[in-house]
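Encoded as structure tokens, the structure appears first; notes follow it.
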Amino acid sequence: MTDTPLARYADLVGRTVFVSGGATGIGADLVTAFHGQGADVVFVDIDAEGGEALRDRLASQGDAPLFLPCDVTDTPALREAMATAEGRGGGLDVLINNAGNDTRMPLGDVTEGDWARILDVNLKHQFFAAQTACGWMRARGRGSIVNFGSVAPEIPVGNLAVYNACKAAVRGLTRSIAKDMGGHGIRCNAILPGAILTPRQRALWYTDQSAIDAMTALQCLPRELCGRDVAEMALFLASDVSAACTAQDFIVDGGIV
Ligand code: NDP
């Protein structure tokens with residue numbers, strides 16, 4: 001964690017930003033960071049209690065972000081929530097496809113039902129959210145979409161074969177959207193986080209200091225990474241400051257080599 005204040009981007013003031021999976025983890029840092037820029041944030045999550053708690057917490061620091069409970073694997077419900085964002089201000093400016101689930105399971109245990117469920121939450125919604133956003137953004141000739149991949153397929157992290165397949169596919173999805181939509185002024189990039197020590201990661205995997213030390217020892221920068229590190233990258237990619245950047249992966253992993 002650095003003590004430096006978050007970067008500020010004047011063009012994000014008043015921009016409408018839609019964040020999926022924004023109630024907890026990295027998503028909560030994304031919502032907080034965009035809200036802090038003065039953006040009009042709409043976020044969805046399956047965790048209604050967590051989403052409402054974050055909304056209420058941020059309401060004490062200015063206009064509350066809008067939280068909509070939503071399972072992003074339910075495409076009609078996702079589209080409906082996004083339409084609410086599109087109906088605010090000048091329409092949807094930024095889409096952050098953050099929701100995901102990294103539940104680990106041994107390769108031999110994966111059923112067809114698991115396969116479908118893991119693809120739905122880690123890949124399908126990123127496509128349909130982007131497709132929906134592009135329909136509106138191309139009419140205005142601008143927009144920024146940020147997908148979420150992971151460095152996990154490159155390591156690769158074990159017991160995550162289907163998740164890793166989804167996260168590897170995000171690269172192709174991102175480049176394809178960027179190619180198809182660049183002529184309409186829409187940019188599409190991916191953030192690939194490394195080991196970000198969210199509450200879930202600390203509860204499940206990095207349960208003691210030795211596990212954290214083992215992870216940070218793999219990084220060139222041997223410090224704990226947090227959601228804020230990822231949020232800084234998302235702000236940059238959402239802002240017009242990154243106007244020449246599209247079809248790229250931006251790795252935020254402290255330099256795992
Ligand atoms: P978390 O599990 O901590 O948070 C994800 C949020 O998304 C949770 O609030 C979760 O709710 C919600 N969510 C899960 N499924 C759905 C759904 N079907 N509909 C709506 N919301 C849903 O994840 P992280 O913050 O760690 O990860 C955020 C993104 O970053 C993900 O795409 C992840 O794959 C990626 N990433 C994270 C890394 C890390 O080290 N943390 C490393 C590499 C990539 P609930 O808690 O109820 O499931």
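Order determines the names: the first chain of the structure tokens is A, the second B, and so forth; residues in each chain are numbered 1 upward, and ligands are numbered 1 upward as they are shown.
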
Close residues, A:Phe128 itself excluded, 10 Å, only C-alpha atoms, min 4 positions apart in chain, as a list of chain:residue names
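In the requested form, the answer reads A:Val72, A:Thr73, A:Thr75, A:Pro76, A:Leu78, A:Arg79, A:Leu123, A:Lys124, A:Thr132, A:Ala133, A:Cys134.
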
Practice problem: Within 7 Å of ligand 1, which residues show up when you count only C-alpha atoms and all ligand atoms? List them as a PyMOL selection string, please. | Solution: chain A and resi 20-27+44-47+70-73+98-102+121-122+148-152+192-201

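Excluding A:Asp29 and any residue on its chain fewer than 5 positions from it, the residues at most 10 Å away by only C-alpha atoms are Gly22, Ala23, Thr24, Phe34, His35, Leu54, Thr198, Cys226, Gly227, Arg228, Asp229, Val230, Ala231 and Glu232 of chain A.
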
Would you save the residues from that selection as a CSV table (one decimal), in the first residue's frame, using C-alpha atoms?
chain,number,residue,atom,x,y,z
A,22,GLY,CA,-18.5,-3.9,-6.8
A,23,ALA,CA,-19.6,-4.8,-3.3
A,24,THR,CA,-16.4,-6.4,-2.0
A,34,PHE,CA,-14.4,6.3,-9.1
A,35,HIS,CA,-16.8,7.7,-6.5
A,54,LEU,CA,-20.6,0.1,0.6
A,198,THR,CA,-8.6,-8.9,-0.7
A,226,CYS,CA,-4.2,-4.3,-2.5
A,227,GLY,CA,-7.3,-3.3,-4.5
A,228,ARG,CA,-6.2,0.3,-4.6
A,229,ASP,CA,-3.2,-0.7,-6.8
A,230,VAL,CA,-5.7,-2.1,-9.3
A,231,ALA,CA,-8.1,0.8,-9.0
A,232,GLU,CA,-5.3,3.2,-10.0

Write out as JSON, numbers by chain which residues come within 9 Å of A:Ile96 when counting only C-alpha atoms, dropping same-chain ones fewer than 6 positions away.
{"A": [17, 18, 19, 20, 30, 126, 144, 145, 146, 147, 148, 234, 238]}

Could you write those residues out with all heavy atoms, as a short mmCIF file (atom, residue, chain, number, x, y, z; two decimals), in the first residue's frame?
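To be explicit, this is the file written out as selection_25.cif:
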data_model
loop_
_atom_site.label_atom_id
_atom_site.label_comp_id
_atom_site.auth_asym_id
_atom_site.auth_seq_id
_atom_site.Cartn_x
_atom_site.Cartn_y
_atom_site.Cartn_z
N VAL A 17 -20.12 5.53 -14.69
CA VAL A 17 -19.25 4.35 -14.65
C VAL A 17 -20.04 3.17 -14.08
O VAL A 17 -20.64 3.29 -13.01
CB VAL A 17 -18.01 4.62 -13.75
CG1 VAL A 17 -17.10 3.40 -13.69
CG2 VAL A 17 -17.26 5.85 -14.23
N PHE A 18 -20.03 2.06 -14.79
CA PHE A 18 -20.74 0.86 -14.34
C PHE A 18 -19.69 -0.18 -13.92
O PHE A 18 -18.81 -0.53 -14.71
CB PHE A 18 -21.60 0.29 -15.47
CG PHE A 18 -22.47 -0.88 -15.08
CD1 PHE A 18 -23.76 -0.68 -14.62
CD2 PHE A 18 -21.99 -2.17 -15.19
CE1 PHE A 18 -24.57 -1.76 -14.27
CE2 PHE A 18 -22.79 -3.26 -14.84
CZ PHE A 18 -24.08 -3.06 -14.38
N VAL A 19 -19.80 -0.66 -12.68
CA VAL A 19 -18.84 -1.63 -12.14
C VAL A 19 -19.59 -2.90 -11.76
O VAL A 19 -20.55 -2.85 -10.97
CB VAL A 19 -18.12 -1.07 -10.89
CG1 VAL A 19 -17.12 -2.09 -10.35
CG2 VAL A 19 -17.43 0.26 -11.19
N SER A 20 -19.14 -4.05 -12.28
CA SER A 20 -19.75 -5.31 -11.84
C SER A 20 -18.94 -5.90 -10.70
O SER A 20 -17.73 -5.71 -10.62
CB SER A 20 -19.84 -6.30 -13.01
OG SER A 20 -18.56 -6.78 -13.37
N LEU A 30 -12.66 -0.26 -6.57
CA LEU A 30 -12.97 0.42 -7.84
C LEU A 30 -14.12 1.41 -7.62
O LEU A 30 -14.05 2.57 -8.06
CB LEU A 30 -13.37 -0.61 -8.89
CG LEU A 30 -12.28 -1.59 -9.34
CD1 LEU A 30 -12.88 -2.72 -10.17
CD2 LEU A 30 -11.20 -0.86 -10.14
N GLN A 126 -18.77 -10.84 -19.17
CA GLN A 126 -17.90 -9.77 -19.70
C GLN A 126 -18.26 -9.51 -21.16
O GLN A 126 -18.27 -8.36 -21.61
CB GLN A 126 -16.43 -10.16 -19.56
CG GLN A 126 -15.99 -10.37 -18.11
CD GLN A 126 -14.51 -10.09 -17.87
OE1 GLN A 126 -13.94 -9.14 -18.40
NE2 GLN A 126 -13.88 -10.92 -17.05
N SER A 144 -15.08 3.66 -22.77
CA SER A 144 -13.94 2.85 -22.35
C SER A 144 -14.46 1.61 -21.63
O SER A 144 -15.27 1.72 -20.71
CB SER A 144 -13.01 3.65 -21.43
OG SER A 144 -11.97 2.83 -20.95
N ILE A 145 -13.98 0.45 -22.06
CA ILE A 145 -14.36 -0.81 -21.43
C ILE A 145 -13.10 -1.44 -20.84
O ILE A 145 -12.05 -1.51 -21.51
CB ILE A 145 -14.99 -1.76 -22.48
CG1 ILE A 145 -16.29 -1.15 -23.00
CG2 ILE A 145 -15.23 -3.15 -21.87
CD1 ILE A 145 -16.88 -1.89 -24.20
N VAL A 146 -13.22 -1.87 -19.59
CA VAL A 146 -12.09 -2.51 -18.92
C VAL A 146 -12.52 -3.91 -18.48
O VAL A 146 -13.43 -4.05 -17.65
CB VAL A 146 -11.61 -1.70 -17.70
CG1 VAL A 146 -10.44 -2.41 -17.02
CG2 VAL A 146 -11.21 -0.28 -18.11
N ASN A 147 -11.92 -4.92 -19.08
CA ASN A 147 -12.18 -6.30 -18.70
C ASN A 147 -11.20 -6.74 -17.62
O ASN A 147 -10.12 -6.15 -17.48
CB ASN A 147 -12.04 -7.22 -19.91
CG ASN A 147 -13.12 -6.96 -20.94
OD1 ASN A 147 -14.24 -6.59 -20.60
ND2 ASN A 147 -12.79 -7.16 -22.21
N PHE A 148 -11.56 -7.80 -16.92
CA PHE A 148 -10.65 -8.33 -15.91
C PHE A 148 -10.17 -9.73 -16.28
O PHE A 148 -10.94 -10.67 -16.33
CB PHE A 148 -11.31 -8.33 -14.52
CG PHE A 148 -10.99 -7.07 -13.76
CD1 PHE A 148 -11.56 -5.87 -14.14
CD2 PHE A 148 -10.09 -7.07 -12.71
CE1 PHE A 148 -11.24 -4.68 -13.49
CE2 PHE A 148 -9.76 -5.90 -12.04
CZ PHE A 148 -10.34 -4.70 -12.43
N ALA A 234 -7.33 1.16 -13.24
CA ALA A 234 -8.67 1.29 -13.83
C ALA A 234 -9.01 2.76 -14.08
O ALA A 234 -9.61 3.10 -15.12
CB ALA A 234 -9.71 0.64 -12.91
N ALA A 238 -9.89 4.33 -17.70
CA ALA A 238 -11.20 4.95 -17.91
C ALA A 238 -11.07 6.37 -18.43
O ALA A 238 -11.89 6.84 -19.22
CB ALA A 238 -11.98 4.95 -16.59
#

Practice task
Name the residues in contact with A:Phe250 at a cut-off of 8 Å, using only C-alpha atoms, excluding same-chain residues fewer than 5 positions from it; report them as a list of chain:residue names.
Solution key: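 The filter keeps A:Asn189, A:Ala190, A:Ile191, A:Leu192, A:Met233.
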
- Query: What does the distance from atom CA of A:Asn97 to atom CA of A:Ala129 come to in Å, to one decimal?
  - Reply: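 Calculated distance between atom CA of A:Asn97 and atom CA of A:Ala129 is 7.5 Å.
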
Task: A:Asp240 surroundings by only C-alpha atoms, 10 Å radius, close-in-sequence under 5 positions cut, as a VMD selection string - done: chain A and resid 9 to 12 142 to 144 235 245

Those same residues - N, CA and C atoms - I'd like them written as a PDB file, in the first residue's frame.
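Heads up, here's the output in again-v9.pdb:
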ATOM      1  N   TYR A   9      -8.332  12.602 -12.117  1.00  0.00           N
ATOM      2  CA  TYR A   9      -8.570  12.781 -13.552  1.00  0.00           C
ATOM      3  C   TYR A   9      -9.794  13.681 -13.721  1.00  0.00           C
ATOM      4  N   ALA A  10      -9.548  14.908 -14.174  1.00  0.00           N
ATOM      5  CA  ALA A  10     -10.636  15.887 -14.250  1.00  0.00           C
ATOM      6  C   ALA A  10     -11.762  15.402 -15.156  1.00  0.00           C
ATOM      7  N   ASP A  11     -11.428  14.639 -16.201  1.00  0.00           N
ATOM      8  CA  ASP A  11     -12.473  14.226 -17.152  1.00  0.00           C
ATOM      9  C   ASP A  11     -13.408  13.168 -16.575  1.00  0.00           C
ATOM     10  N   LEU A  12     -13.048  12.553 -15.447  1.00  0.00           N
ATOM     11  CA  LEU A  12     -13.932  11.532 -14.860  1.00  0.00           C
ATOM     12  C   LEU A  12     -15.053  12.140 -14.015  1.00  0.00           C
ATOM     13  N   ARG A 142     -17.862   7.258 -28.326  1.00  0.00           N
ATOM     14  CA  ARG A 142     -16.788   7.179 -27.334  1.00  0.00           C
ATOM     15  C   ARG A 142     -17.194   6.237 -26.205  1.00  0.00           C
ATOM     16  N   GLY A 143     -16.186   5.756 -25.503  1.00  0.00           N
ATOM     17  CA  GLY A 143     -16.422   4.892 -24.358  1.00  0.00           C
ATOM     18  C   GLY A 143     -15.162   4.109 -24.028  1.00  0.00           C
ATOM     19  N   SER A 144     -15.082   3.659 -22.774  1.00  0.00           N
ATOM     20  CA  SER A 144     -13.938   2.846 -22.352  1.00  0.00           C
ATOM     21  C   SER A 144     -14.460   1.608 -21.626  1.00  0.00           C
ATOM     22  N   LEU A 235      -8.635   3.637 -13.153  1.00  0.00           N
ATOM     23  CA  LEU A 235      -8.902   5.069 -13.345  1.00  0.00           C
ATOM     24  C   LEU A 235      -8.182   5.566 -14.598  1.00  0.00           C
ATOM     25  N   CYS A 245      -4.549   4.135 -25.764  1.00  0.00           N
ATOM     26  CA  CYS A 245      -4.359   2.750 -25.314  1.00  0.00           C
ATOM     27  C   CYS A 245      -5.614   1.934 -25.554  1.00  0.00           C
TER      28      CYS A 245
END

Note to self: Taking 4 positions as the minimum chain separation for residues in the same chain, which residues sit within 10 Å of stretch 255-257 of chain A when counting only C-alpha atoms? Answer as a list of chain:residue names.
What the structure shows: A:Val151, A:Ile155, A:Gly194, A:Ala195, A:Met215, A:Thr216, A:Ala217, A:Leu218, A:Gln219, A:Cys220, A:Leu221, A:Pro222, A:Ile251

Saved selection, atoms kept: N, CA and C atoms, as a short mmCIF file (atom, residue, chain, number, x, y, z; two decimals), in the first residue's frame:
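This went into part-v8.cif:
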data_model
loop_
_atom_site.label_atom_id
_atom_site.label_comp_id
_atom_site.auth_asym_id
_atom_site.auth_seq_id
_atom_site.Cartn_x
_atom_site.Cartn_y
_atom_site.Cartn_z
N VAL A 151 -3.23 -12.88 -13.92
CA VAL A 151 -1.94 -13.50 -14.26
C VAL A 151 -1.97 -15.00 -13.97
N ILE A 155 0.96 -18.45 -14.63
CA ILE A 155 1.86 -19.02 -13.60
C ILE A 155 2.03 -20.53 -13.78
N GLY A 194 -2.33 -9.47 -10.15
CA GLY A 194 -1.58 -10.57 -9.54
C GLY A 194 -2.25 -10.96 -8.23
N ALA A 195 -1.45 -11.15 -7.20
CA ALA A 195 -2.02 -11.55 -5.90
C ALA A 195 -2.47 -10.31 -5.13
N MET A 215 4.32 -15.52 -1.37
CA MET A 215 3.79 -14.90 -2.59
C MET A 215 4.59 -13.65 -2.94
N THR A 216 4.78 -12.79 -1.96
CA THR A 216 5.46 -11.52 -2.27
C THR A 216 6.92 -11.77 -2.68
N ALA A 217 7.48 -12.90 -2.26
CA ALA A 217 8.86 -13.22 -2.65
C ALA A 217 8.98 -13.47 -4.15
N LEU A 218 7.88 -13.80 -4.79
CA LEU A 218 7.89 -14.03 -6.24
C LEU A 218 7.84 -12.71 -7.02
N GLN A 219 7.51 -11.63 -6.33
CA GLN A 219 7.34 -10.33 -6.98
C GLN A 219 8.65 -9.55 -6.94
N CYS A 220 8.91 -8.77 -8.00
CA CYS A 220 10.06 -7.86 -7.96
C CYS A 220 9.88 -6.83 -6.85
N LEU A 221 8.63 -6.41 -6.67
CA LEU A 221 8.31 -5.48 -5.58
C LEU A 221 7.76 -6.33 -4.43
N PRO A 222 8.56 -6.59 -3.41
CA PRO A 222 8.13 -7.56 -2.40
C PRO A 222 7.20 -6.97 -1.34
N ILE A 251 -0.81 -5.38 -16.66
CA ILE A 251 -0.54 -6.31 -15.54
C ILE A 251 -0.24 -5.52 -14.27
#

* **Members of stretch 56-211 of chain A assigned helix (DSSP H, G or I) by DSSP, as a PyMOL selection string** => chain A and resi 56-59+75-86+107-109+112-140+161-184+199-204+209-211

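Taking atom CA of A:Ala85 and atom CA of A:Val42 as the two end points, the separation is 6.1 Å.
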
Review point. Between A:Phe67, A:Trp136, A:Trp115, A:Tyr206, which has the minimum distance to A:Asp40 (counting only C-alpha atoms)?
Key: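 Among the listed residues, the smallest separation from A:Asp40 belongs to A:Phe67.
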
One decimal place gives the atom CA of A:Ala39-atom CA of A:Asp120 separation as 28.5 Å

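Each of A:Arg187, A:Gly141, A:Gly50, A:Gly113 was checked against A:Ser239 using only C-alpha atoms; the smallest atom-to-atom distance is that of A:Arg187.
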
*Return the single residue from A:Leu107, A:Ala28, A:Thr16, A:Ser176 that is closest to A:Gly87, with distances computed using only C-alpha atoms.*
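Closest candidate: A:Thr16.
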
Would you return as a PDB file with N, CA, C and O atoms, in the first residue's frame the members of stretch 22-152 of chain A that DSSP assigns to strand (DSSP E or B) on this structure's backbone?
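And here is the file that came out, result.pdb:
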ATOM      1  N   ASP A  40     -20.230   9.383 -11.586  1.00  0.00           N
ATOM      2  CA  ASP A  40     -21.547   8.864 -11.228  1.00  0.00           C
ATOM      3  C   ASP A  40     -21.458   7.335 -11.333  1.00  0.00           C
ATOM      4  O   ASP A  40     -21.487   6.791 -12.436  1.00  0.00           O
ATOM      5  N   VAL A  41     -21.329   6.668 -10.192  1.00  0.00           N
ATOM      6  CA  VAL A  41     -21.030   5.233 -10.192  1.00  0.00           C
ATOM      7  C   VAL A  41     -22.307   4.417  -9.988  1.00  0.00           C
ATOM      8  O   VAL A  41     -23.076   4.663  -9.050  1.00  0.00           O
ATOM      9  N   VAL A  42     -22.523   3.462 -10.880  1.00  0.00           N
ATOM     10  CA  VAL A  42     -23.575   2.461 -10.721  1.00  0.00           C
ATOM     11  C   VAL A  42     -22.862   1.123 -10.577  1.00  0.00           C
ATOM     12  O   VAL A  42     -22.027   0.784 -11.423  1.00  0.00           O
ATOM     13  N   PHE A  43     -23.153   0.394  -9.493  1.00  0.00           N
ATOM     14  CA  PHE A  43     -22.483  -0.903  -9.355  1.00  0.00           C
ATOM     15  C   PHE A  43     -23.465  -1.992  -9.016  1.00  0.00           C
ATOM     16  O   PHE A  43     -24.509  -1.751  -8.405  1.00  0.00           O
ATOM     17  N   VAL A  44     -23.129  -3.198  -9.474  1.00  0.00           N
ATOM     18  CA  VAL A  44     -23.982  -4.370  -9.235  1.00  0.00           C
ATOM     19  C   VAL A  44     -23.162  -5.438  -8.528  1.00  0.00           C
ATOM     20  O   VAL A  44     -21.942  -5.483  -8.636  1.00  0.00           O
ATOM     21  N   ASP A  45     -23.872  -6.268  -7.809  1.00  0.00           N
ATOM     22  CA  ASP A  45     -23.229  -7.408  -7.151  1.00  0.00           C
ATOM     23  C   ASP A  45     -24.317  -8.384  -6.718  1.00  0.00           C
ATOM     24  O   ASP A  45     -25.469  -7.982  -6.480  1.00  0.00           O
ATOM     25  N   LEU A  66     -25.035   4.419  -6.982  1.00  0.00           N
ATOM     26  CA  LEU A  66     -26.257   3.610  -7.074  1.00  0.00           C
ATOM     27  C   LEU A  66     -25.866   2.136  -7.049  1.00  0.00           C
ATOM     28  O   LEU A  66     -25.073   1.686  -7.895  1.00  0.00           O
ATOM     29  N   PHE A  67     -26.430   1.409  -6.081  1.00  0.00           N
ATOM     30  CA  PHE A  67     -26.181  -0.032  -6.027  1.00  0.00           C
ATOM     31  C   PHE A  67     -27.426  -0.785  -6.466  1.00  0.00           C
ATOM     32  O   PHE A  67     -28.535  -0.514  -5.990  1.00  0.00           O
ATOM     33  N   LEU A  68     -27.239  -1.744  -7.379  1.00  0.00           N
ATOM     34  CA  LEU A  68     -28.333  -2.593  -7.837  1.00  0.00           C
ATOM     35  C   LEU A  68     -27.944  -4.054  -7.615  1.00  0.00           C
ATOM     36  O   LEU A  68     -26.946  -4.509  -8.203  1.00  0.00           O
ATOM     37  N   PRO A  69     -28.683  -4.781  -6.773  1.00  0.00           N
ATOM     38  CA  PRO A  69     -28.381  -6.209  -6.629  1.00  0.00           C
ATOM     39  C   PRO A  69     -28.618  -6.903  -7.968  1.00  0.00           C
ATOM     40  O   PRO A  69     -29.641  -6.668  -8.618  1.00  0.00           O
ATOM     41  N   LEU A  92     -23.878   5.906 -20.504  1.00  0.00           N
ATOM     42  CA  LEU A  92     -22.767   5.112 -19.955  1.00  0.00           C
ATOM     43  C   LEU A  92     -21.440   5.460 -20.637  1.00  0.00           C
ATOM     44  O   LEU A  92     -21.309   5.342 -21.854  1.00  0.00           O
ATOM     45  N   ASP A  93     -20.485   5.872 -19.836  1.00  0.00           N
ATOM     46  CA  ASP A  93     -19.168   6.243 -20.363  1.00  0.00           C
ATOM     47  C   ASP A  93     -18.136   5.142 -20.182  1.00  0.00           C
ATOM     48  O   ASP A  93     -17.256   4.970 -21.031  1.00  0.00           O
ATOM     49  N   VAL A  94     -18.225   4.449 -19.055  1.00  0.00           N
ATOM     50  CA  VAL A  94     -17.168   3.493 -18.699  1.00  0.00           C
ATOM     51  C   VAL A  94     -17.805   2.208 -18.171  1.00  0.00           C
ATOM     52  O   VAL A  94     -18.699   2.254 -17.316  1.00  0.00           O
ATOM     53  N   LEU A  95     -17.348   1.081 -18.691  1.00  0.00           N
ATOM     54  CA  LEU A  95     -17.794  -0.223 -18.191  1.00  0.00           C
ATOM     55  C   LEU A  95     -16.596  -0.942 -17.583  1.00  0.00           C
ATOM     56  O   LEU A  95     -15.570  -1.128 -18.258  1.00  0.00           O
ATOM     57  N   ILE A  96     -16.751  -1.374 -16.336  1.00  0.00           N
ATOM     58  CA  ILE A  96     -15.695  -2.133 -15.671  1.00  0.00           C
ATOM     59  C   ILE A  96     -16.224  -3.531 -15.393  1.00  0.00           C
ATOM     60  O   ILE A  96     -17.055  -3.741 -14.500  1.00  0.00           O
ATOM     61  N   ASN A  97     -15.736  -4.500 -16.155  1.00  0.00           N
ATOM     62  CA  ASN A  97     -16.172  -5.899 -16.029  1.00  0.00           C
ATOM     63  C   ASN A  97     -15.320  -6.609 -14.978  1.00  0.00           C
ATOM     64  O   ASN A  97     -14.411  -7.380 -15.303  1.00  0.00           O
ATOM     65  N   GLY A 143     -16.186   5.756 -25.503  1.00  0.00           N
ATOM     66  CA  GLY A 143     -16.422   4.892 -24.358  1.00  0.00           C
ATOM     67  C   GLY A 143     -15.162   4.109 -24.028  1.00  0.00           C
ATOM     68  O   GLY A 143     -14.284   3.930 -24.881  1.00  0.00           O
ATOM     69  N   SER A 144     -15.082   3.659 -22.774  1.00  0.00           N
ATOM     70  CA  SER A 144     -13.938   2.846 -22.352  1.00  0.00           C
ATOM     71  C   SER A 144     -14.460   1.608 -21.626  1.00  0.00           C
ATOM     72  O   SER A 144     -15.273   1.721 -20.706  1.00  0.00           O
ATOM     73  N   ILE A 145     -13.979   0.455 -22.062  1.00  0.00           N
ATOM     74  CA  ILE A 145     -14.357  -0.813 -21.435  1.00  0.00           C
ATOM     75  C   ILE A 145     -13.095  -1.436 -20.843  1.00  0.00           C
ATOM     76  O   ILE A 145     -12.054  -1.509 -21.508  1.00  0.00           O
ATOM     77  N   VAL A 146     -13.216  -1.869 -19.589  1.00  0.00           N
ATOM     78  CA  VAL A 146     -12.090  -2.514 -18.920  1.00  0.00           C
ATOM     79  C   VAL A 146     -12.525  -3.908 -18.484  1.00  0.00           C
ATOM     80  O   VAL A 146     -13.430  -4.052 -17.651  1.00  0.00           O
ATOM     81  N   ASN A 147     -11.923  -4.919 -19.083  1.00  0.00           N
ATOM     82  CA  ASN A 147     -12.183  -6.300 -18.697  1.00  0.00           C
ATOM     83  C   ASN A 147     -11.195  -6.738 -17.622  1.00  0.00           C
ATOM     84  O   ASN A 147     -10.121  -6.152 -17.475  1.00  0.00           O
ATOM     85  N   PHE A 148     -11.564  -7.805 -16.922  1.00  0.00           N
ATOM     86  CA  PHE A 148     -10.655  -8.331 -15.905  1.00  0.00           C
ATOM     87  C   PHE A 148     -10.172  -9.728 -16.276  1.00  0.00           C
ATOM     88  O   PHE A 148     -10.938 -10.674 -16.334  1.00  0.00           O
TER      89      PHE A 148
END
